[in-house]
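Student: Take this structure, written in structure tokens, and hold onto it; I'll ask about it next.
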Amino acid sequence: MDRPAWAPPEIDLERPSTARIYDYMLGGLHNFAIDRQMAEQVLAVAPQLRISAHANRGFLRRAVKFLAAAGIRQFLDLGSGIPTVGNVHEAAHRVAPDARVVYLDADPVAVAHSRALVEDDERVTVLQADIRDTDAILANPRLNATLDLSQPVAVLIVAVLHFVPDADDPAALVGRLRDAVVPGSYLAISQVGAPTRALTPQEQAVADMYTRANPVALRTGEQVARFFAGLELVEPGLVDPARWHADEDVDELMPSYAGVGRKP
Ligand SMILES: C[S@@+](CC[C@H](N)C(=O)[O-])C[C@H]1O[C@@H](n2cnc3c(N)ncnc32)[C@H](O)[C@@H]1O
């Protein structure tokens, strides 16, 4: 296969990546044949995933707009993905041109494209790390040169925690972030939900396909609500991403949860 000039040398073009599959579902161009092939297999079984990816992206944009309007001037976007329409710094700068943003992702393509997009913007920093290395992330000198953790921060963990299995204790990870930020900070989280019944063979097939790229941990609303322990959920609480601060009512396509919590 031809290797595009933008592909970082360390990546394996034969292995699908969740960042690039999501990019493809959003209509982006930073994906390889293996990602497109897997995305099409998944979409053949669950076509609603494409709409759901756009709905999640809509939640991210509306949450950033809400947070900037609430006075937040610092954003830590964990598992930020490959840049696409309506990135966090763009949404934040529309409301607050002085807002500072740190993007972080484990995926080298997401990091390379994020860096290319913001290289001349001193308000924005891009880090490559695994979200599970929470303490190292919080101590990172480049993060601390961009964000002042003695002031309120919005931590965004949007469509990422379903890639962190229970064995890695995502609740503890979120708890460390909550404890590290000052009162008046916010956490915005979305994650794919688990049906309250057993998975249909179709749903199981999709989960199994995704597991080829990254194991997937579907969670119930109750489990997702636990990520907001110690925080005050802002209205309308934990809802489908498409419905969070949406202009119009929409049908829920698949179980998925989104919420924004404020540290009192
Ligand atoms: C579905 S995308 C979401 C992107 C963006 N947050 C959004 O909502 O539009 C999930 C992202 O999480 C990243 N990711 C998954 N597991 C991760 C981990 N353990 N550490 C850091 N990033 C991770 C993937 O590389 C991917 O870019």
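In the structure tokens, chains take letters A, B, ... by order of appearance, with residues numbered from 1 within each chain and ligands from 1 in the order shown.
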Using 7 Å as the limit and counting only C-alpha atoms and all ligand atoms, can you tabulate each residue of chain A that touches ligand 1, with its shortest atom-to-atom distance in Å and the two atoms involved, as a tab-separated table?
Tutor:
residue	atom	partner	partner_atom_place_in_ligand_line	distance
A:Thr18	CA	ligand 1	24 (C)	5.7
A:Ala19	CA	ligand 1	27 (O)	3.8
A:Tyr22	CA	ligand 1	1 (C)	5.4
A:Asn56	CA	ligand 1	8 (O)	6.0
A:Arg57	CA	ligand 1	9 (O)	4.9
A:Leu60	CA	ligand 1	8 (O)	6.2
A:Leu78	CA	ligand 1	22 (N)	6.4
A:Gly79	CA	ligand 1	12 (O)	3.7
A:Ser80	CA	ligand 1	6 (N)	4.0
A:Gly81	CA	ligand 1	27 (O)	3.2
A:Ile82	CA	ligand 1	27 (O)	6.1
A:Leu104	CA	ligand 1	21 (C)	6.7
A:Asp105	CA	ligand 1	22 (N)	4.1
A:Ala106	CA	ligand 1	21 (C)	4.1
A:Asp107	CA	ligand 1	25 (O)	4.4
A:Ala110	CA	ligand 1	27 (O)	6.1
A:Ala129	CA	ligand 1	21 (C)	5.9
A:Asp130	CA	ligand 1	20 (N)	3.5
A:Ile131	CA	ligand 1	20 (N)	3.8
A:Arg132	CA	ligand 1	19 (N)	5.7
A:Ile157	CA	ligand 1	6 (N)	6.3
A:Val158	CA	ligand 1	6 (N)	4.3
A:Ala159	CA	ligand 1	3 (C)	4.7
A:Val160	CA	ligand 1	12 (O)	4.5
A:Phe163	CA	ligand 1	16 (N)	5.1
A:Val164	CA	ligand 1	19 (N)	6.1
Student: Compile the contact shell of Arg15 of chain A as number ranges by chain: residues with an atom at most 12 Å away, counting only C-alpha atoms, same-chain residues fewer than 5 positions apart removed.
Tutor: A: 10, 20-21, 31-38, 210-214
Student: Find the residues around Leu218 of chain A up to 7 Å (only C-alpha atoms counted), leave out those fewer than 3 positions away in its own chain, and share them as a list of chain:residue names.
Tutor: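 Using only C-alpha atoms, the neighbours found are A:His162, A:Val192, A:Gly193, A:Ala194.
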Student: Keeping only N, CA, C and O atoms, write those residues as a PDB file, in the first residue's frame.
Tutor:
ATOM      1  N   HIS A 162     -14.972   4.750  26.720  1.00  0.00           N
ATOM      2  CA  HIS A 162     -15.351   3.381  26.303  1.00  0.00           C
ATOM      3  C   HIS A 162     -14.151   2.620  25.746  1.00  0.00           C
ATOM      4  O   HIS A 162     -14.248   1.436  25.473  1.00  0.00           O
ATOM      5  N   VAL A 192     -20.159   5.774  24.892  1.00  0.00           N
ATOM      6  CA  VAL A 192     -21.178   4.895  24.306  1.00  0.00           C
ATOM      7  C   VAL A 192     -21.781   4.042  25.414  1.00  0.00           C
ATOM      8  O   VAL A 192     -21.069   3.535  26.282  1.00  0.00           O
ATOM      9  N   GLY A 193     -23.119   3.906  25.375  1.00  0.00           N
ATOM     10  CA  GLY A 193     -23.807   3.189  26.440  1.00  0.00           C
ATOM     11  C   GLY A 193     -23.964   1.717  26.154  1.00  0.00           C
ATOM     12  O   GLY A 193     -23.731   1.237  25.037  1.00  0.00           O
ATOM     13  N   ALA A 194     -24.390   0.999  27.202  1.00  0.00           N
ATOM     14  CA  ALA A 194     -24.712  -0.419  27.061  1.00  0.00           C
ATOM     15  C   ALA A 194     -26.224  -0.531  27.141  1.00  0.00           C
ATOM     16  O   ALA A 194     -26.840   0.091  28.001  1.00  0.00           O
TER      17      ALA A 194
END
Student: Give one line per residue of segment 49-162 of chain A that approaches segment 233-255 of chain A to at most 8 Å, naming the two atoms of the closest pair and their distance in Å to one decimal, counting only C-alpha atoms; sort by chain then ascending residue number and deliver it as a Markdown table.
Tutor:
| residue | atom | partner | partner_atom | distance |
| --- | --- | --- | --- | --- |
| A:Ser52 | CA | A:Leu253 | CA | 7.1 |
| A:Ala55 | CA | A:Ala242 | CA | 4.9 |
| A:Asn56 | CA | A:Pro241 | CA | 5.5 |
| A:Gly58 | CA | A:Ala242 | CA | 7.0 |
| A:Phe59 | CA | A:Pro241 | CA | 5.3 |
| A:Arg62 | CA | A:His245 | CA | 6.9 |
Student: With only C-alpha atoms as the counted atoms, please give the residues lying no more than 6 Å from Ser185 of chain A, apart from itself and same-chain residues fewer than 6 positions off, as a PyMOL selection string.
Tutor: chain A and resi 152-154+262-263
Student: Looking only at the backbone, which of the residues in segment 44-185 of chain A does DSSP tag as strand (DSSP E), as an mmCIF file with N, CA and C atoms, in the first residue's frame?
Tutor:
data_model
loop_
_atom_site.group_PDB
_atom_site.id
_atom_site.type_symbol
_atom_site.label_atom_id
_atom_site.label_comp_id
_atom_site.auth_asym_id
_atom_site.auth_seq_id
_atom_site.Cartn_x
_atom_site.Cartn_y
_atom_site.Cartn_z
ATOM 1 N N GLN A 74 -9.626 27.797 30.045
ATOM 2 C CA GLN A 74 -8.608 26.762 29.876
ATOM 3 C C GLN A 74 -9.302 25.426 29.611
ATOM 4 N N PHE A 75 -8.831 24.723 28.589
ATOM 5 C CA PHE A 75 -9.440 23.457 28.192
ATOM 6 C C PHE A 75 -8.363 22.383 28.071
ATOM 7 N N LEU A 76 -8.625 21.242 28.673
ATOM 8 C CA LEU A 76 -7.733 20.080 28.545
ATOM 9 C C LEU A 76 -8.551 18.998 27.864
ATOM 10 N N ASP A 77 -8.246 18.752 26.584
ATOM 11 C CA ASP A 77 -9.052 17.852 25.754
ATOM 12 C C ASP A 77 -8.327 16.509 25.650
ATOM 13 N N LEU A 78 -8.787 15.528 26.408
ATOM 14 C CA LEU A 78 -8.100 14.228 26.502
ATOM 15 C C LEU A 78 -8.730 13.232 25.526
ATOM 16 N N ARG A 100 -7.017 29.060 26.384
ATOM 17 C CA ARG A 100 -5.841 28.205 26.165
ATOM 18 C C ARG A 100 -6.308 26.744 26.121
ATOM 19 N N VAL A 101 -5.686 25.991 25.237
ATOM 20 C CA VAL A 101 -6.165 24.625 25.002
ATOM 21 C C VAL A 101 -4.979 23.663 24.943
ATOM 22 N N VAL A 102 -5.091 22.529 25.651
ATOM 23 C CA VAL A 102 -4.137 21.433 25.479
ATOM 24 C C VAL A 102 -4.891 20.248 24.892
ATOM 25 N N TYR A 103 -4.434 19.808 23.731
ATOM 26 C CA TYR A 103 -4.969 18.599 23.108
ATOM 27 C C TYR A 103 -4.053 17.443 23.481
ATOM 28 N N LEU A 104 -4.646 16.281 23.734
ATOM 29 C CA LEU A 104 -3.837 15.103 24.052
ATOM 30 C C LEU A 104 -4.483 13.881 23.428
ATOM 31 N N ASP A 105 -3.670 13.068 22.785
ATOM 32 C CA ASP A 105 -4.182 11.817 22.229
ATOM 33 C C ASP A 105 -3.032 10.809 22.205
ATOM 34 N N VAL A 124 -2.213 27.164 22.134
ATOM 35 C CA VAL A 124 -2.603 25.750 22.014
ATOM 36 C C VAL A 124 -1.371 24.842 22.038
ATOM 37 N N THR A 125 -1.457 23.746 22.777
ATOM 38 C CA THR A 125 -0.368 22.757 22.842
ATOM 39 C C THR A 125 -0.947 21.375 22.550
ATOM 40 N N VAL A 126 -0.142 20.531 21.916
ATOM 41 C CA VAL A 126 -0.590 19.179 21.589
ATOM 42 C C VAL A 126 0.372 18.176 22.218
ATOM 43 N N LEU A 127 -0.151 17.237 22.975
ATOM 44 C CA LEU A 127 0.685 16.229 23.631
ATOM 45 C C LEU A 127 0.278 14.833 23.171
ATOM 46 N N GLN A 128 1.278 13.950 23.107
ATOM 47 C CA GLN A 128 0.968 12.544 22.833
ATOM 48 C C GLN A 128 1.156 11.766 24.130
ATOM 49 N N ALA A 154 -11.556 23.285 32.123
ATOM 50 C CA ALA A 154 -12.546 22.302 31.675
ATOM 51 C C ALA A 154 -11.780 21.110 31.133
ATOM 52 N N VAL A 155 -12.013 19.949 31.736
ATOM 53 C CA VAL A 155 -11.391 18.710 31.254
ATOM 54 C C VAL A 155 -12.430 18.002 30.384
ATOM 55 N N LEU A 156 -12.067 17.762 29.133
ATOM 56 C CA LEU A 156 -12.993 17.137 28.185
ATOM 57 C C LEU A 156 -12.550 15.695 27.949
ATOM 58 N N ILE A 157 -13.431 14.759 28.204
ATOM 59 C CA ILE A 157 -13.106 13.334 27.966
ATOM 60 C C ILE A 157 -14.275 12.803 27.131
ATOM 61 N N VAL A 158 -14.229 13.133 25.870
ATOM 62 C CA VAL A 158 -15.409 12.966 25.020
ATOM 63 C C VAL A 158 -15.208 11.781 24.064
#
Student: I need the residue nearest Ala139 of chain A from this list: A:Ala180, A:Gly259, A:Arg197, A:Val216. Use only C-alpha atoms for the distance.
Tutor: A:Ala180
Student: Would you please give, as an MDAnalysis selection string, all residues of segment 36-168 of chain A that DSSP assigns to helix (DSSP H, G or I) based on the backbone?
Tutor: chainID A and resid 36:45 48:69 88:95 108:118 134:139 141:146 161:163 166:168
Student: Quick one: of A:Ala63, A:Leu231, A:Ala145, A:Val42, who's nearest to Gly86 of chain A, counting only C-alpha atoms?
Tutor: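 Using only C-alpha atoms, the shortest distance to Gly86 of chain A belongs to A:Ala63.
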Student: Out of A:Asn144, A:Ser17, A:Thr84, A:Gln223, which residue has the shortest atom-to-atom distance to Asp166 of chain A when counting only C-alpha atoms?
Tutor: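 Of A:Asn144, A:Ser17, A:Thr84, A:Gln223, the one nearest Asp166 of chain A, counting only C-alpha atoms, is A:Gln223.
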Student: I'd like to know which of A:Leu161, A:Pro83, A:Leu43, A:Gly27 is closest to Arg115 of chain A, using only C-alpha atoms.
Tutor: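 Of all the options, A:Pro83 lies closest to Arg115 of chain A.
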